[in-house]
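**Q** Input file: coords-v1.cif. Contents: mmCIF, C-alpha atoms.
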```cif
data_my_file
loop_
_atom_site.label_atom_id
_atom_site.label_comp_id
_atom_site.auth_asym_id
_atom_site.auth_seq_id
_atom_site.Cartn_x
_atom_site.Cartn_y
_atom_site.Cartn_z
CA MET A 1 -23.86 42.07 4.42
CA LEU A 2 -27.42 40.85 4.45
CA LYS A 3 -28.22 38.10 6.88
CA LEU A 4 -28.39 34.74 5.11
CA ARG A 5 -31.95 34.16 6.23
CA THR A 6 -32.97 37.26 4.25
CA VAL A 7 -30.80 36.23 1.31
CA LEU A 8 -32.38 32.80 1.10
CA LYS A 9 -35.88 34.23 1.31
CA ARG A 10 -35.00 36.52 -1.59
CA ALA A 11 -33.70 33.50 -3.45
CA ALA A 12 -37.11 31.91 -3.25
CA ALA A 13 -38.80 35.19 -4.14
CA ALA A 14 -37.10 35.13 -7.54
CA SER A 15 -39.90 32.80 -8.60
CA VAL A 16 -42.61 33.32 -6.02
CA ALA A 17 -43.88 36.45 -4.36
CA ALA A 18 -42.66 35.59 -0.86
CA LEU A 19 -41.80 32.75 1.43
CA CYS A 20 -45.17 31.54 2.66
CA LEU A 21 -44.92 29.75 5.94
CA LEU A 22 -47.38 27.23 7.27
CA GLY A 23 -48.79 27.69 10.77
CA ALA A 24 -48.89 24.98 13.35
CA ILE A 25 -48.48 21.42 12.08
CA ALA A 26 -50.31 18.35 13.26
CA SER A 27 -49.15 17.59 16.76
CA ALA A 28 -50.18 13.97 16.95
CA ARG A 29 -47.32 11.76 15.83
CA ALA A 30 -47.01 8.00 15.74
CA GLU A 31 -44.32 7.35 18.31
CA ALA A 32 -41.82 4.51 17.90
CA PRO A 33 -39.05 3.34 20.23
CA ALA A 34 -36.40 6.05 20.08
CA GLY A 35 -33.41 3.78 19.71
CA ALA A 36 -34.80 1.11 17.40
CA GLY A 37 -32.31 0.02 14.78
CA GLN A 38 -29.77 2.75 15.46
CA THR A 39 -26.01 2.50 15.55
CA VAL A 40 -24.81 3.23 19.09
CA ASP A 41 -22.59 6.14 18.11
CA ALA A 42 -24.86 7.67 15.48
CA GLU A 43 -25.25 11.42 15.84
CA ALA A 44 -26.75 14.33 13.94
CA LEU A 45 -24.72 17.55 13.85
CA VAL A 46 -27.19 20.36 13.26
CA THR A 47 -26.14 23.91 12.38
CA ASN A 48 -28.29 26.49 14.17
CA GLN A 49 -28.16 29.82 12.42
CA GLY A 50 -30.19 31.75 14.97
CA SER A 51 -28.17 30.62 17.98
CA ASP A 52 -24.80 30.61 16.18
CA SER A 53 -24.25 27.04 17.29
CA LEU A 54 -23.91 23.37 16.41
CA SER A 55 -26.17 20.85 18.15
CA PHE A 56 -25.13 17.22 18.68
CA VAL A 57 -28.16 14.93 18.68
CA ASP A 58 -27.86 11.32 19.84
CA LEU A 59 -29.94 9.37 17.34
CA ALA A 60 -30.46 6.39 19.64
CA THR A 61 -32.33 8.53 22.17
CA LEU A 62 -33.25 11.40 19.83
CA LYS A 63 -31.95 13.87 22.42
CA SER A 64 -29.64 16.86 22.05
CA VAL A 65 -26.58 15.94 24.10
CA ALA A 66 -24.34 18.94 23.44
CA GLU A 67 -24.27 22.35 21.79
CA ILE A 68 -21.16 24.35 20.93
CA LYS A 69 -20.74 27.90 19.70
CA ILE A 70 -19.70 28.40 16.08
CA GLY A 71 -20.48 32.04 15.23
CA GLY A 72 -21.03 33.81 11.93
CA LYS A 73 -24.52 32.36 11.36
CA PRO A 74 -23.58 28.75 10.56
CA ALA A 75 -25.53 27.07 7.76
CA GLY A 76 -23.67 24.48 5.68
CA ILE A 77 -22.08 21.32 7.03
CA ALA A 78 -20.09 18.34 5.80
CA VAL A 79 -18.62 15.39 7.69
CA SER A 80 -15.33 13.69 6.83
CA ALA A 81 -15.46 10.13 5.48
CA ASP A 82 -14.13 8.72 8.76
CA GLY A 83 -16.61 10.67 10.86
CA ALA A 84 -13.83 12.37 12.83
CA LYS A 85 -14.29 15.94 11.64
CA ALA A 86 -17.16 18.22 10.70
CA PHE A 87 -16.79 21.30 8.52
CA VAL A 88 -19.21 24.17 9.10
CA THR A 89 -19.67 27.26 6.93
CA SER A 90 -20.49 30.66 8.42
CA PRO A 91 -21.73 33.04 5.68
CA GLU A 92 -21.73 36.15 7.84
CA GLY A 93 -18.46 35.33 9.58
CA LYS A 94 -16.71 34.46 6.31
CA PHE A 95 -15.04 31.39 7.74
CA LEU A 96 -15.08 27.61 7.79
CA THR A 97 -15.00 25.97 11.21
CA VAL A 98 -13.34 22.58 11.67
CA VAL A 99 -14.95 20.64 14.53
CA ASP A 100 -13.52 17.58 16.28
CA VAL A 101 -16.52 15.28 16.50
CA LYS A 102 -15.24 13.08 19.34
CA SER A 103 -14.33 15.90 21.72
CA ARG A 104 -17.09 18.21 20.40
CA THR A 105 -14.70 21.13 20.23
CA VAL A 106 -13.69 23.71 17.63
CA GLU A 107 -10.26 22.85 16.23
CA ARG A 108 -9.73 25.84 13.99
CA ARG A 109 -11.38 28.47 11.85
CA ILE A 110 -10.28 29.05 8.28
CA ALA A 111 -11.01 32.41 6.63
CA VAL A 112 -13.03 32.09 3.42
CA ASP A 113 -13.90 35.07 1.23
CA GLY A 114 -17.43 36.10 0.29
CA GLY A 115 -20.40 34.18 1.66
CA PRO A 116 -19.41 30.56 2.29
CA LEU A 117 -22.54 28.41 2.19
CA GLY A 118 -22.44 24.95 0.59
CA VAL A 119 -19.61 22.65 1.68
CA ALA A 120 -18.51 19.12 0.80
CA ALA A 121 -15.65 16.83 1.84
CA ASN A 122 -13.83 14.63 -0.66
CA PRO A 123 -14.31 11.02 0.51
CA VAL A 124 -10.94 9.97 -0.94
CA SER A 125 -8.50 12.85 -0.40
CA GLY A 126 -10.19 14.59 2.52
CA GLU A 127 -10.00 17.93 0.71
CA VAL A 128 -12.86 20.32 1.46
CA TYR A 129 -14.80 22.44 -1.04
CA VAL A 130 -16.68 25.63 -0.17
CA ALA A 131 -19.21 27.45 -2.35
CA ASP A 132 -19.23 31.26 -2.26
CA TRP A 133 -22.87 32.31 -2.41
CA TYR A 134 -21.97 35.87 -3.40
CA SER A 135 -19.70 35.04 -6.32
CA LYS A 136 -19.24 32.37 -8.96
CA THR A 137 -16.46 30.45 -7.25
CA LEU A 138 -15.73 27.23 -5.40
CA THR A 139 -12.67 27.03 -3.15
CA ALA A 140 -10.65 23.84 -2.61
CA LEU A 141 -8.73 23.79 0.67
CA ASP A 142 -6.83 21.56 3.05
CA PRO A 143 -8.84 21.40 6.30
CA ILE A 144 -5.73 20.55 8.33
CA THR A 145 -3.50 23.41 7.25
CA GLY A 146 -6.12 25.78 5.89
CA ALA A 147 -4.08 26.14 2.69
CA VAL A 148 -6.11 26.94 -0.43
CA ARG A 149 -5.20 24.73 -3.40
CA GLY A 150 -7.19 26.81 -5.83
CA ARG A 151 -10.51 28.20 -6.94
CA VAL A 152 -12.76 27.46 -9.90
CA GLU A 153 -15.42 29.62 -11.48
CA VAL A 154 -18.88 28.12 -11.87
CA GLY A 155 -22.37 29.62 -12.28
CA SER A 156 -23.94 32.38 -10.21
CA SER A 157 -24.70 31.81 -6.52
CA PRO A 158 -23.36 28.27 -6.12
CA SER A 159 -25.25 26.61 -3.28
CA GLY A 160 -25.28 22.86 -2.65
CA LEU A 161 -22.20 20.75 -3.39
CA ALA A 162 -21.64 17.02 -3.88
CA VAL A 163 -18.58 14.87 -4.59
CA THR A 164 -18.64 11.53 -6.40
CA ALA A 165 -17.62 8.45 -4.40
CA ASP A 166 -14.31 8.14 -6.29
CA GLY A 167 -13.45 11.73 -5.37
CA ALA A 168 -12.98 12.67 -9.03
CA LEU A 169 -15.88 15.04 -9.68
CA LEU A 170 -17.32 17.97 -7.76
CA LEU A 171 -20.90 19.03 -8.52
CA SER A 172 -22.31 22.47 -7.79
CA ALA A 173 -25.95 23.62 -7.86
CA ASP A 174 -25.65 27.13 -9.31
CA ARG A 175 -28.87 28.74 -8.16
CA ASP A 176 -28.94 31.94 -10.20
CA SER A 177 -27.73 30.24 -13.38
CA ASP A 178 -30.33 27.42 -13.27
CA GLN A 179 -27.62 24.87 -13.81
CA VAL A 180 -25.35 22.21 -12.32
CA SER A 181 -21.62 22.66 -12.85
CA ILE A 182 -19.36 19.60 -12.99
CA VAL A 183 -15.77 20.23 -11.95
CA ASP A 184 -12.75 17.96 -12.43
CA VAL A 185 -11.22 17.77 -8.95
CA ALA A 186 -7.66 16.98 -10.03
CA SER A 187 -7.29 19.97 -12.34
CA LEU A 188 -9.89 22.12 -10.59
CA LYS A 189 -11.40 22.95 -13.97
CA ALA A 190 -15.09 23.20 -14.84
CA ILE A 191 -15.97 20.47 -17.34
CA THR A 192 -19.53 21.32 -18.24
CA ALA A 193 -22.73 23.03 -17.09
CA ILE A 194 -26.08 21.22 -17.29
CA PRO A 195 -29.38 23.15 -17.40
CA VAL A 196 -31.84 22.07 -14.69
CA GLY A 197 -34.99 23.55 -13.12
CA LYS A 198 -35.30 27.08 -11.79
CA ARG A 199 -33.10 28.11 -8.86
CA PRO A 200 -31.45 24.78 -7.91
CA PHE A 201 -30.35 24.85 -4.29
CA GLY A 202 -29.61 21.44 -2.79
CA ILE A 203 -27.87 18.71 -4.79
CA THR A 204 -27.55 15.03 -3.87
CA LEU A 205 -26.16 11.92 -5.53
CA ASP A 206 -28.36 8.83 -5.50
CA PRO A 207 -27.01 5.67 -3.78
CA SER A 208 -25.66 4.29 -7.06
CA GLY A 209 -23.71 7.48 -7.70
CA ALA A 210 -24.92 7.48 -11.30
CA ARG A 211 -27.38 10.35 -10.98
CA ALA A 212 -27.53 13.74 -9.29
CA PHE A 213 -30.78 15.27 -8.07
CA THR A 214 -31.33 19.01 -7.60
CA ALA A 215 -34.02 20.65 -5.46
CA ASN A 216 -35.26 23.62 -7.50
CA VAL A 217 -36.77 26.31 -5.27
CA GLY A 218 -37.93 28.37 -8.26
CA SER A 219 -39.85 25.68 -10.15
CA ASP A 220 -41.03 23.54 -7.22
CA ASP A 221 -39.51 20.39 -8.61
CA VAL A 222 -36.49 18.11 -8.68
CA THR A 223 -34.27 17.61 -11.72
CA VAL A 224 -32.54 14.27 -12.36
CA VAL A 225 -29.11 14.48 -14.02
CA ASP A 226 -27.39 11.45 -15.57
CA LEU A 227 -23.67 11.80 -14.84
CA LYS A 228 -22.62 9.52 -17.71
CA THR A 229 -24.46 11.40 -20.44
CA ARG A 230 -24.30 14.68 -18.48
CA LYS A 231 -27.87 15.52 -19.34
CA ALA A 232 -31.07 16.16 -17.42
CA VAL A 233 -33.11 12.97 -17.80
CA GLY A 234 -36.10 13.41 -15.52
CA ARG A 235 -38.23 15.60 -13.28
CA VAL A 236 -40.08 15.04 -10.01
CA PRO A 237 -42.82 17.47 -8.90
CA ALA A 238 -42.32 18.59 -5.31
CA GLY A 239 -43.99 20.94 -2.84
CA ARG A 240 -43.38 24.66 -2.47
CA LEU A 241 -39.73 25.70 -2.32
CA PRO A 242 -37.95 22.32 -2.33
CA TYR A 243 -34.66 22.71 -0.50
CA ALA A 244 -32.69 19.45 -0.27
CA ILE A 245 -32.93 15.72 -1.03
CA ALA A 246 -31.98 12.43 0.64
CA PHE A 247 -32.30 8.78 -0.37
CA ALA A 248 -33.16 5.65 1.59
CA GLY A 249 -33.71 2.31 -0.07
CA GLU A 250 -35.63 2.85 -3.29
CA LYS A 251 -37.11 6.17 -2.23
CA GLY A 252 -36.14 9.83 -2.48
CA PHE A 253 -37.18 12.43 0.10
CA VAL A 254 -37.43 16.18 -0.60
CA THR A 255 -37.89 18.91 2.00
CA ASN A 256 -40.40 21.58 1.00
CA GLN A 257 -39.64 24.78 2.91
CA SER A 258 -42.89 26.63 2.40
CA GLY A 259 -45.11 23.59 2.66
CA GLY A 260 -43.84 22.22 5.95
CA THR A 261 -43.69 18.86 4.21
CA VAL A 262 -41.46 16.19 2.73
CA THR A 263 -42.25 14.76 -0.71
CA VAL A 264 -41.52 11.05 -1.11
CA PHE A 265 -40.88 9.61 -4.58
CA ASP A 266 -39.81 6.34 -6.16
CA ALA A 267 -36.15 6.73 -7.12
CA THR A 268 -36.55 4.54 -10.20
CA THR A 269 -39.88 5.58 -11.68
CA LEU A 270 -39.75 9.11 -10.19
CA ALA A 271 -43.43 8.77 -9.26
CA VAL A 272 -44.51 10.71 -6.15
CA GLU A 273 -45.71 8.31 -3.44
CA LYS A 274 -46.62 10.50 -0.48
CA THR A 275 -46.36 13.91 1.15
CA ILE A 276 -45.45 13.87 4.84
CA GLU A 277 -46.13 16.74 7.24
CA VAL A 278 -43.12 17.70 9.37
CA GLY A 279 -42.08 20.75 11.39
CA ASP A 280 -42.28 24.33 10.18
CA THR A 281 -39.89 25.17 7.31
CA PRO A 282 -37.98 21.91 6.75
CA GLU A 283 -34.53 22.37 5.22
CA GLY A 284 -31.60 19.98 5.72
CA ILE A 285 -32.35 16.29 5.25
CA ALA A 286 -30.29 13.09 5.51
CA ALA A 287 -30.70 9.31 5.73
CA ASP A 288 -28.96 7.15 8.31
CA ALA A 289 -26.61 4.38 7.18
CA SER A 290 -29.18 1.65 7.80
CA GLY A 291 -31.66 3.32 5.48
CA ARG A 292 -34.32 2.96 8.15
CA TYR A 293 -34.71 6.60 9.10
CA ILE A 294 -34.68 10.03 7.48
CA TYR A 295 -33.83 13.10 9.57
CA VAL A 296 -35.14 16.58 8.80
CA ALA A 297 -33.98 19.92 10.28
CA CYS A 298 -36.97 22.26 10.65
CA TRP A 299 -35.80 25.86 10.58
CA PHE A 300 -38.71 27.65 12.22
CA ALA A 301 -39.72 24.78 14.51
CA ASN A 302 -36.24 24.40 16.06
CA THR A 303 -36.48 20.62 15.77
CA LEU A 304 -34.91 17.62 14.11
CA ASP A 305 -37.73 15.33 12.96
CA ARG A 306 -37.33 11.60 12.33
CA ILE A 307 -39.23 9.82 9.53
CA ASP A 308 -39.58 6.03 9.51
CA VAL A 309 -38.87 4.92 5.94
CA ALA A 310 -41.01 1.79 6.20
CA THR A 311 -44.17 3.54 7.41
CA LEU A 312 -43.48 7.00 5.97
CA THR A 313 -44.54 8.62 9.23
CA VAL A 314 -42.85 10.97 11.67
CA THR A 315 -41.89 8.87 14.68
CA GLY A 316 -39.84 11.25 16.79
CA GLN A 317 -38.51 14.74 17.28
CA ALA A 318 -35.50 16.32 18.98
CA THR A 319 -35.27 19.93 20.11
CA VAL A 320 -32.16 21.69 18.81
CA GLY A 321 -30.90 25.28 18.72
CA ASP A 322 -32.55 28.29 17.11
CA ALA A 323 -33.12 28.22 13.34
CA PRO A 324 -31.57 24.86 12.42
CA ARG A 325 -30.45 24.56 8.78
CA ALA A 326 -28.20 21.48 8.54
CA PHE A 327 -27.50 22.20 4.87
CA GLY A 328 -25.37 19.30 3.69
CA ASN A 329 -24.13 16.00 5.10
CA PHE A 330 -24.85 16.26 8.84
CA LEU A 331 -25.04 12.65 10.05
CA VAL A 332 -22.16 10.81 11.73
CA GLN A 333 -22.45 7.05 12.12
CA ALA A 334 -19.37 6.21 14.17
CA PRO A 335 -17.09 9.07 15.22
CA ALA A 336 -13.43 8.08 15.06
CA GLY A 337 -12.00 6.93 18.38
CA LYS A 338 -15.29 5.89 19.96
#
```
When written as structure tokens, how does the structure in this file appear?
**A**
Amino acid sequence: MLKLRTVLKRAAAASVAALCLLGAIASARAEAPAGAGQTVDAEALVTNQGSDSLSFVDLATLKSVAEIKIGGKPAGIAVSADGAKAFVTSPEGKFLTVVDVKSRTVERRIAVDGGPLGVAANPVSGEVYVADWYSKTLTALDPITGAVRGRVEVGSSPSGLAVTADGALLLSADRDSDQVSIVDVASLKAITAIPVGKRPFGITLDPSGARAFTANVGSDDVTVVDLKTRKAVGRVPAGRLPYAIAFAGEKGFVTNQSGGTVTVFDATTLAVEKTIEVGDTPEGIAADASGRYIYVACWFANTLDRIDVATLTVTGQATVGDAPRAFGNFLVQAPAGK
């Protein structure tokens, strides 16, 4: 099986000749107090594909405090609603790893067919959903027993996944079908498919839960999908090879792999406000619960960069493992039991 790094580069090459990487980025950064405004127990759990590991970064100090072995080239990650468990996909190992966040240990590994990549946890039931990059299927499973409830067929190469706050709908960015599939969780049936931009990879719900946003690596833009009408209702231009999206306050943030940047846009008007330089090949991105900071995993820089939402500047950086991806929900605000 091809290594996922190669697979993802080929994904981008479907619309561009090759993955063009920026060289060194600006080294001068406006430094802010590392712990300002952070929840004491807030952590980032960063999947490191190159070192087959998961890094635990304390967000108060912006320091890596632990690293555990996962195996199988980990890429995707989701955190349970209570912050107690993390679920990590390993495309080459063909398994899902369940991690106890408090003890920072591997609880179990669950075999998953194909190339498990995107992963999401249902905030209501706790059920976990895994996208098979090499087929057209999503798998619904119990993370405690490992039992598979069922599978549903969606578009080609499903990548990012998202679940609505009520736990009723599962959304899949189907990269090779240029669409978003909406799945009814109860029946595990596909309801509809919505055309979006070219090669959608990451998918994120906005804070209201009314709209889904896809990062389209093939068309260098973001598509806005209205979940009530189930139609694409807007577009945001991004940088080269947009990968994933996060929201803080009234702003959206998009990582641009090939540009080494993050595009910032107004979540209401969809107008682009700024482009921020970060580490080489930014991928996973997430906002903390306070909405004060955005965190970006930079694949080729081996760092987790912190962006201050108020100033739109990079104010800190943590060193993590080799080739961090953090594809999915990788922030934990208060691990259970702490």
**Q** Please write as an mmCIF file with C-alpha atoms, in the coordinates of the input the full residue list that the PyMOL selection byres ((chain A and resi 304-309) around 8) yields on this file.
**A**
```cif
data_model
loop_
_atom_site.group_PDB
_atom_site.id
_atom_site.type_symbol
_atom_site.label_atom_id
_atom_site.label_comp_id
_atom_site.auth_asym_id
_atom_site.auth_seq_id
_atom_site.Cartn_x
_atom_site.Cartn_y
_atom_site.Cartn_z
ATOM 1 C CA ALA A 248 -33.160 5.650 1.590
ATOM 2 C CA VAL A 278 -43.120 17.700 9.370
ATOM 3 C CA GLY A 279 -42.080 20.750 11.390
ATOM 4 C CA GLY A 291 -31.660 3.320 5.480
ATOM 5 C CA ARG A 292 -34.320 2.960 8.150
ATOM 6 C CA TYR A 293 -34.710 6.600 9.100
ATOM 7 C CA ILE A 294 -34.680 10.030 7.480
ATOM 8 C CA TYR A 295 -33.830 13.100 9.570
ATOM 9 C CA VAL A 296 -35.140 16.580 8.800
ATOM 10 C CA ALA A 297 -33.980 19.920 10.280
ATOM 11 C CA CYS A 298 -36.970 22.260 10.650
ATOM 12 C CA ASN A 302 -36.240 24.400 16.060
ATOM 13 C CA THR A 303 -36.480 20.620 15.770
ATOM 14 C CA ALA A 310 -41.010 1.790 6.200
ATOM 15 C CA THR A 311 -44.170 3.540 7.410
ATOM 16 C CA LEU A 312 -43.480 7.000 5.970
ATOM 17 C CA THR A 313 -44.540 8.620 9.230
ATOM 18 C CA VAL A 314 -42.850 10.970 11.670
ATOM 19 C CA THR A 315 -41.890 8.870 14.680
ATOM 20 C CA GLY A 316 -39.840 11.250 16.790
ATOM 21 C CA GLN A 317 -38.510 14.740 17.280
ATOM 22 C CA ALA A 318 -35.500 16.320 18.980
ATOM 23 C CA THR A 319 -35.270 19.930 20.110
ATOM 24 C CA VAL A 320 -32.160 21.690 18.810
#
```
**Q** Could you spell out the hits of the PyMOL selection byres ((chain A and resi 190) around 10) on the shown file, as number ranges by chain?
**A** A: 152-154, 169-171, 181-185, 187-189, 191-193
**Q** Rounded to one decimal in Å, what is the spacing between atom CA of Asp113 of chain A and atom CA of Gly284 of chain A?
**A** 23.7 Å
**Q** Restricting the calculation to all atoms listed in the file: of A:Thr255, A:Ser90, A:Thr145, A:Ser157, which residue gets closest to Glu127 of chain A?
**A**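 Of A:Thr255, A:Ser90, A:Thr145, A:Ser157, the one nearest Glu127 of chain A is A:Thr145, counting all atoms listed in the file.
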**Q** Since I can't run it myself right now, could you work out what the PyMOL selection byres ((chain A and resi 71-79) around 8) selects here and report it as a ChimeraX atom specification?
**A** /A:4,47-54,69-70,80-81,83-95,117-121,324-332
**Q** Could you save those same residues with C-alpha atoms as a PDB file, keeping the file's coordinate frame?
**A**
```
ATOM      1  CA  LEU A   4     -28.390  34.740   5.110  1.00  0.00           C
ATOM      2  CA  THR A  47     -26.140  23.910  12.380  1.00  0.00           C
ATOM      3  CA  ASN A  48     -28.290  26.490  14.170  1.00  0.00           C
ATOM      4  CA  GLN A  49     -28.160  29.820  12.420  1.00  0.00           C
ATOM      5  CA  GLY A  50     -30.190  31.750  14.970  1.00  0.00           C
ATOM      6  CA  SER A  51     -28.170  30.620  17.980  1.00  0.00           C
ATOM      7  CA  ASP A  52     -24.800  30.610  16.180  1.00  0.00           C
ATOM      8  CA  SER A  53     -24.250  27.040  17.290  1.00  0.00           C
ATOM      9  CA  LEU A  54     -23.910  23.370  16.410  1.00  0.00           C
ATOM     10  CA  LYS A  69     -20.740  27.900  19.700  1.00  0.00           C
ATOM     11  CA  ILE A  70     -19.700  28.400  16.080  1.00  0.00           C
ATOM     12  CA  SER A  80     -15.330  13.690   6.830  1.00  0.00           C
ATOM     13  CA  ALA A  81     -15.460  10.130   5.480  1.00  0.00           C
ATOM     14  CA  GLY A  83     -16.610  10.670  10.860  1.00  0.00           C
ATOM     15  CA  ALA A  84     -13.830  12.370  12.830  1.00  0.00           C
ATOM     16  CA  LYS A  85     -14.290  15.940  11.640  1.00  0.00           C
ATOM     17  CA  ALA A  86     -17.160  18.220  10.700  1.00  0.00           C
ATOM     18  CA  PHE A  87     -16.790  21.300   8.520  1.00  0.00           C
ATOM     19  CA  VAL A  88     -19.210  24.170   9.100  1.00  0.00           C
ATOM     20  CA  THR A  89     -19.670  27.260   6.930  1.00  0.00           C
ATOM     21  CA  SER A  90     -20.490  30.660   8.420  1.00  0.00           C
ATOM     22  CA  PRO A  91     -21.730  33.040   5.680  1.00  0.00           C
ATOM     23  CA  GLU A  92     -21.730  36.150   7.840  1.00  0.00           C
ATOM     24  CA  GLY A  93     -18.460  35.330   9.580  1.00  0.00           C
ATOM     25  CA  LYS A  94     -16.710  34.460   6.310  1.00  0.00           C
ATOM     26  CA  PHE A  95     -15.040  31.390   7.740  1.00  0.00           C
ATOM     27  CA  LEU A 117     -22.540  28.410   2.190  1.00  0.00           C
ATOM     28  CA  GLY A 118     -22.440  24.950   0.590  1.00  0.00           C
ATOM     29  CA  VAL A 119     -19.610  22.650   1.680  1.00  0.00           C
ATOM     30  CA  ALA A 120     -18.510  19.120   0.800  1.00  0.00           C
ATOM     31  CA  ALA A 121     -15.650  16.830   1.840  1.00  0.00           C
ATOM     32  CA  PRO A 324     -31.570  24.860  12.420  1.00  0.00           C
ATOM     33  CA  ARG A 325     -30.450  24.560   8.780  1.00  0.00           C
ATOM     34  CA  ALA A 326     -28.200  21.480   8.540  1.00  0.00           C
ATOM     35  CA  PHE A 327     -27.500  22.200   4.870  1.00  0.00           C
ATOM     36  CA  GLY A 328     -25.370  19.300   3.690  1.00  0.00           C
ATOM     37  CA  ASN A 329     -24.130  16.000   5.100  1.00  0.00           C
ATOM     38  CA  PHE A 330     -24.850  16.260   8.840  1.00  0.00           C
ATOM     39  CA  LEU A 331     -25.040  12.650  10.050  1.00  0.00           C
ATOM     40  CA  VAL A 332     -22.160  10.810  11.730  1.00  0.00           C
TER      41      VAL A 332
END
```
**Q** (-28.9, 13.6, -3.1) in this file's frame - what residues fall within 6 Å of it? Use only C-alpha atoms and give the answer as a PyMOL selection string.
**A** chain A and resi 203-206+213+245-246
**Q** Please list as number ranges by chain every residue within 9 Å of segment 222-239 of chain A, counting only C-alpha atoms and excluding residues in the same chain fewer than 2 positions away.
**A** A: 180, 182, 192-197, 200, 209-217, 219-220, 241-242, 245, 254-265, 270-272, 275
**Q** Given the selection you just returned, output its residues as a file containing C-alpha atoms, formatted as a short mmCIF file (atom, residue, chain, number, x, y, z; two decimals), in the coordinates of the input.
**A**
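The resulting file, selection_20.cif, is reproduced below:
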```
data_model
loop_
_atom_site.label_atom_id
_atom_site.label_comp_id
_atom_site.auth_asym_id
_atom_site.auth_seq_id
_atom_site.Cartn_x
_atom_site.Cartn_y
_atom_site.Cartn_z
CA VAL A 180 -25.35 22.21 -12.32
CA ILE A 182 -19.36 19.60 -12.99
CA THR A 192 -19.53 21.32 -18.24
CA ALA A 193 -22.73 23.03 -17.09
CA ILE A 194 -26.08 21.22 -17.29
CA PRO A 195 -29.38 23.15 -17.40
CA VAL A 196 -31.84 22.07 -14.69
CA GLY A 197 -34.99 23.55 -13.12
CA PRO A 200 -31.45 24.78 -7.91
CA GLY A 209 -23.71 7.48 -7.70
CA ALA A 210 -24.92 7.48 -11.30
CA ARG A 211 -27.38 10.35 -10.98
CA ALA A 212 -27.53 13.74 -9.29
CA PHE A 213 -30.78 15.27 -8.07
CA THR A 214 -31.33 19.01 -7.60
CA ALA A 215 -34.02 20.65 -5.46
CA ASN A 216 -35.26 23.62 -7.50
CA VAL A 217 -36.77 26.31 -5.27
CA SER A 219 -39.85 25.68 -10.15
CA ASP A 220 -41.03 23.54 -7.22
CA LEU A 241 -39.73 25.70 -2.32
CA PRO A 242 -37.95 22.32 -2.33
CA ILE A 245 -32.93 15.72 -1.03
CA VAL A 254 -37.43 16.18 -0.60
CA THR A 255 -37.89 18.91 2.00
CA ASN A 256 -40.40 21.58 1.00
CA GLN A 257 -39.64 24.78 2.91
CA SER A 258 -42.89 26.63 2.40
CA GLY A 259 -45.11 23.59 2.66
CA GLY A 260 -43.84 22.22 5.95
CA THR A 261 -43.69 18.86 4.21
CA VAL A 262 -41.46 16.19 2.73
CA THR A 263 -42.25 14.76 -0.71
CA VAL A 264 -41.52 11.05 -1.11
CA PHE A 265 -40.88 9.61 -4.58
CA LEU A 270 -39.75 9.11 -10.19
CA ALA A 271 -43.43 8.77 -9.26
CA VAL A 272 -44.51 10.71 -6.15
CA THR A 275 -46.36 13.91 1.15
#
```
**Q** Report, in Å with one decimal, the straight-line distance from atom CA of Ala289 of chain A to atom CA of Phe247 of chain A.
**A**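 Atom CA of Phe247 of chain A lies 10.4 Å from atom CA of Ala289 of chain A.
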**Q** Set the distance at 9 Å and use only C-alpha atoms: which residues neighbour Ala131 of chain A once local chain neighbours fewer than 4 positions away are removed? I'd like the list as a VMD selection string.
**A** chain A and resid 115 to 120 135 to 139 157 to 161 172
**Q** For atom CA of Tyr243 of chain A and atom CA of Pro282 of chain A, determine how far apart the two atoms are, in Å to one decimal place.
**A**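 So the answer is 8.0 Å.
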**Q** My list of candidates is A:Asp100, A:Asp142, A:Asp178, A:Asp322. Which is closest to Val128 of chain A when distances are computed with only C-alpha atoms?
**A**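 Looking only at the distances to Val128 of chain A, the closest residue turns out to be A:Asp142.
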**Q** I'd like to know which of A:Ile144, A:Val65, A:Ala186, A:Ala301 is closest to Thr97 of chain A, using all atoms listed in the file.
**A**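 Among the listed residues, A:Ile144 lies closest to Thr97 of chain A.
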**Q** My list of candidates is A:Leu96, A:Gly167, A:Phe56, A:Ser290. Which is closest to Asp132 of chain A when distances are computed with only C-alpha atoms?
**A**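 So, comparing all the options, the nearest one is A:Leu96.
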**Q** Once 8 Å is added on each side, what are the centre and the three edge lengths, in Å to one decimal, of the axis-aligned box enclosing the listed atoms of segment 210-215 of chain A? Present them as JSON.
**A**
```
{"center_x": -29.5, "center_y": 14.1, "center_z": -8.4, "size_x": 25.1, "size_y": 29.2, "size_z": 21.8}
```
